[in-house]
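> Sharing a structure with you now.
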Amino acid sequence: MAERFFAEDANTSLIKSRQFGEYMVKEIAALSGVYNATGRETTHDLLRRLATQQVLPREVADIFHAVRKAGNKANHDFGGSSAEALSALKFCRALGVWYRRTYGRDPNFKPGPFVPPRSPQEVDQATQSELDILRRQVQEAETKLAAAHASAEELANARAAAEELARQRAEESAVWEKTALDLETDQADIARNLEELQKQAEAQPQQLQLEFKQAGLQAASRLELDERQTRRLIDVQLVDAGWEADSGTLVHQKGARPEEGRNLAIAEWPSEGGRADYALFIGLTCVGVIEAKRESVDVPSTLNQAERYARTIELPLEHRHSDGPWKHGLADPFRVPFVFATNGRPFVRQWQTKSGIWFCDLRRNTNHPRPLTAWFSPKDLLDILETDLDAAAQGLAEESFGKGKMRPYQEEAIAAIEDAIVAGQREILVSMATGTGKTRTSIALMYRLLKHKRFRRILFLVDRKALGKQTNDALETTEIEGMLNFAQIYKVAALEKKVPEDEDQVQVATVQSLIARILNEPDPAKRPTPGTFDCIIVDEAHRGYTLDAELRESDIGFRNLDDYQSAYRQILDYFDAVRVALTATPALHTREIFGHPVFHYGYRQAVVEGYLNDHLPPKRITTALSEAGIHFDGGEEVEIIDRKTGQIDLFELPDDVPLDYDLADFNKRVYSESFNRIVCRAIATEIPPGKPGKTLIFAARDAHADDIVRLLIEELQEEHGKDAVPHKMVTKITGNVDKPDDLILKFKNDPYPKYVVTVDLLTTGIDVPSICNLVFVRRVKSRILYDQMIGRATRLCPEIGKEYFRIFDALCRAAGDDGHAPRRRQAGCVARPACHRSRHGGNRRGQELGRRPGYRAHARNDKTNGCRNPRKF
């Protein structure tokens with residue numbers, strides 16, 4: 001139907017192409033087992049969901065969006081041209097080829113040339129010319145393939161294309177009328193078909209869906225769009241960025257000219273020796289040229305052609321920028337400040353030269369091309385034009401820090417960062433030990449950069465809301481100049497604000513919230529633009545590549561580390577900004593992003609210079625379980641108890657499969673009431689409630705934290721009396737509690753809680769100087785994470801007389817030791833010996849081990865292994 005009406009009724013053709021795309025998207029969702037048959041989800045939302053779930057590659061999703069938007073515009077505006085309708089048909093054909101290669105399990109499918117629709121009676125000259133070219137391509141394909149000794153399949157495709165052209169000439173309108181009637185009666189069949197495909201997909205193994213995703217990515221990499229189709233995609237992208245763009249109508253040869261109050265992307269603007277694909281005008285001023293090539297062309301090399309147009313573009317004086325031309329010793333100076341090149345593909349870091357939008361600021365000869373993930377808005381380009389880098393560099397060099405406001409090493413860190421920025425470095429890493437004032441240093445740095453107008457707006461990026469709130473508090477309380485704090489001098493946009501206002505100069509935001517605002521916001525007008533921030537300060541930069549429980553405390557879920565890495569990197573890549581990364585533990589993967597540190601200030605140096613506290617030698621809490629582990633012999637008979645129903649069954653372990661659990665397994669798979677009680681008893685004895693300072697306890701999991709809280713309260717009451725343990729003295733703070741940010745604030749400022757049990761929520765970034773004791777009841781295999789956890793107690797706190805801090809280790813293993821995973825273990829299982837004493841002795845309640853979901857296993861014999869003294873430390 002879209003082919004039938006593309007010339008006589010382009011509006012209907014565009015709507016039918018949109019419907020074709022909508023049905024294909026639904027069928028892809030059904031084949032992937034994620035189709036929602038309720039019909040409440042819009043096509044846009046479904047496309048976004050499929051792209052987020054990596055079912056649709058981004059370049060394929062972009063084509064679907066282009067077809068959808070053209071159809072929506074035709075539906076609402078009652079318009080559309082034959083050129084637009086033909087473009088939509090070509091997009092649909094490209095989607096069909098991708099679908100065949102992916103879900104048709106035919107990755108080597110060769111479609112042959114595109115067959116244009118029947119000869120139209122009423123089309124404009126440009127569309128008629130394009131149709132003639134397409135027909136010649138069809139007629140030449142068979143001859144070329146035969147001469148090249150092509151395969152039989154390729155020859156058959158070419159021959160079929162030629163036959164289709166002949167068939168079109170003889171086709172009667174009655175065929176189309178019948179097609180329209182059949183389409184109406186097929187709607188119910190379509191719905192039934194989608195439901196059936198969904199059921200089949202749900203019954204398929206997960207591996208098949210992974211194969212479809214891989215096939216889809218491979219097929220997407222082979223998409224072939226010609227230059228005209230690429231321009232149509234670019235039109236959509238430019239419109240989303242705030243430009244008026246239509247390469248079919250806003251064309252110089254058709255009379256399009258810049259106008260006051262309009263931001264136009266005018267196609268085919270003349271220059272000496274050719275025409276620029278687009279000239280970007282803000283009002284009457286030309287600010288850039290764009291060169292667009294078909295998808296298969298490398299992008300950076302195309303910038304050379306764009307630069308040639310920037311030197312030779314034909315611009316009357318009233319359309320030239322007042323600061324130009326930019327000579328740099330060239331015989332032909334640049335007449336426009338910015339150049340862009342693209343092939344329409346979404347930016348993919350692994351294939352930089354074949355994707356994204358490449359940009360170069362021609363005003364300075366030291367500027368190099370760099371890739372962008374999205375188009376600048378008109379305001380972005382105006383802001384870039386207004387930034388005076390030379391004046392900013394001079395101001396930073398001339399202004400001193402002021403006596404007594406900063407520590408010497410903080411001044412050195414800021415000076416190193418500023419020198420790197422002036423030198424043109426765009427990724428900057430600073431390593432400062434936990435507790436040495438990275439946030440204070442960042443605030444002073446932001447103040448200087450904003451004061452001298454080096455940057456317009458700075459994003460302070462954190463990975464958790466608690467850290468964002470802590471930064472907001474610091475901005476509101478840190479005195480900067482003239483008795484004024486930072487937030488009184490510069491406007492700060494807090495965590496809850498989605499897009500900063502024009503007057504905002506700093507925004508504090510989480511990685512997760514920005515992902516939602518950039519990747520999941522359907523309205524382009526509500527998304528930040530690539531130029532929204534020109535500087536990003538990344539707090540705790542090592543966190544982006546660490547899989548910790550905090551990642552679950554987020555606005556959007558991440559399924560695995562790769563997803564989080566991808567999302568984390570997408571935020572950094574999206575904004576065209578200088579990135580300053582701060583961390584106490586610069587790991588290899590952090591340095592791969594930001595380079596080697598421009599400044600380093602380590603923990604030992606800070607201790608020697610008196611800025612941090614050192615710790616006493618760690619104290620071991622030793623139990624027989626930690627020494628001997630737990631062992632079940634092969635062939636041992638155990639009782640299996642269903643904890644939900646209470647039913648008890650006998651189960652005999654295989655003869656050749658003993659079960660061994662050491663402390664590595666204990667962290668996640670073992671529950672021992674007596675072990676936890678012994679640890680809590682040690683805490684109660686060694687760290688009495690009346691002793692100054694607070695205690696932070698690291699548990700293995702959330703349920704383990706609950707047990708530690710309960711047992712620690714009991715042991716504190718047993719050791720010191722009930723009156724010595726008021727309500728809320730011992731508290732759990734994890735991502736699963738109600739309002740954890742409020743509890744963290746109480747932990748920092750109030751007398752209670754005095755003992756806090758966490759899992760990963762407080763491992764990094766939290767500033768509570770009164771912490772004097774750290775207790776490890778979990779294994780820590782990451783040296784970076786271990787150093788971050790130790791850093792929770794290094795800060796000075798003279799008001800309580802803190803001169804050092806203490807570490808208690810209940811696992812009796814060095815950080816980083818690997819344990820032995822049990823064989824044939826099934827996830828989520830729990831088991832415990834049935835004897836009154838556990839295998840490590842002294843545990844009357846037994847221990848729960850991994851064996852089978854929802855069950856406990858009780859050993860019938862009464863063997864013991866290890867110490868019988870439950871109070872042995």
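Starting from 1 in every chain, residues are counted up; chains themselves are A, B, ... following the order of the structure tokens, and ligands are numbered from 1 as listed.
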From a DSSP pass on the backbone, collect the residues of segment 720-822 of chain A flagged as strand (DSSP E) and hand them back as a ChimeraX atom specification.
/A:730-732,755-758,771-776,804-809
> State, in Å with one decimal place, the distance from atom CA of Leu459 of chain A to atom CA of Leu385 of chain A.
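A separation of 20.0 Å between them.
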> Determine which residues of segment 447-492 of chain A DSSP labels as alpha helix (DSSP H) from the backbone of this structure, then write them out as number ranges by chain.
A: 447-451, 465-477, 486-489
> Restricting the calculation to only C-alpha atoms: of A:Ala420, A:Met729, A:Leu47, A:Ala66, which residue gets closest to Asp240 of chain A?
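Using only C-alpha atoms, the shortest distance to Asp240 of chain A belongs to A:Ala66.
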> What's around Ser377 of chain A at 6 Å? Count only C-alpha atoms, leave out sequence neighbours fewer than 3 positions away in its own chain, and write the answer as a PyMOL selection string.
chain A and resi 241-242+380
> Record the distance separating atom CA of Val97 of chain A and atom CA of Leu194 of chain A, expressed in Å with one decimal.
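Spanning atom CA of Val97 of chain A to atom CA of Leu194 of chain A is a straight-line distance of 20.3 Å.
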> For Arg335 of chain A, work out the shell of residues within 6 Å, counting only C-alpha atoms and skipping chain neighbours fewer than 2 positions away, then give it as a PyMOL selection string.
chain A and resi 310-311+325
> Give me, as an MDAnalysis selection string, all polymer residues having an atom no more than 7 Å from segment 751-768 of chain A, counting only C-alpha atoms and skipping those fewer than 3 positions away in the same chain.
chainID A and resid 467 540 548:550 694:702 705 709 728:735 746:748 771 788:789 792
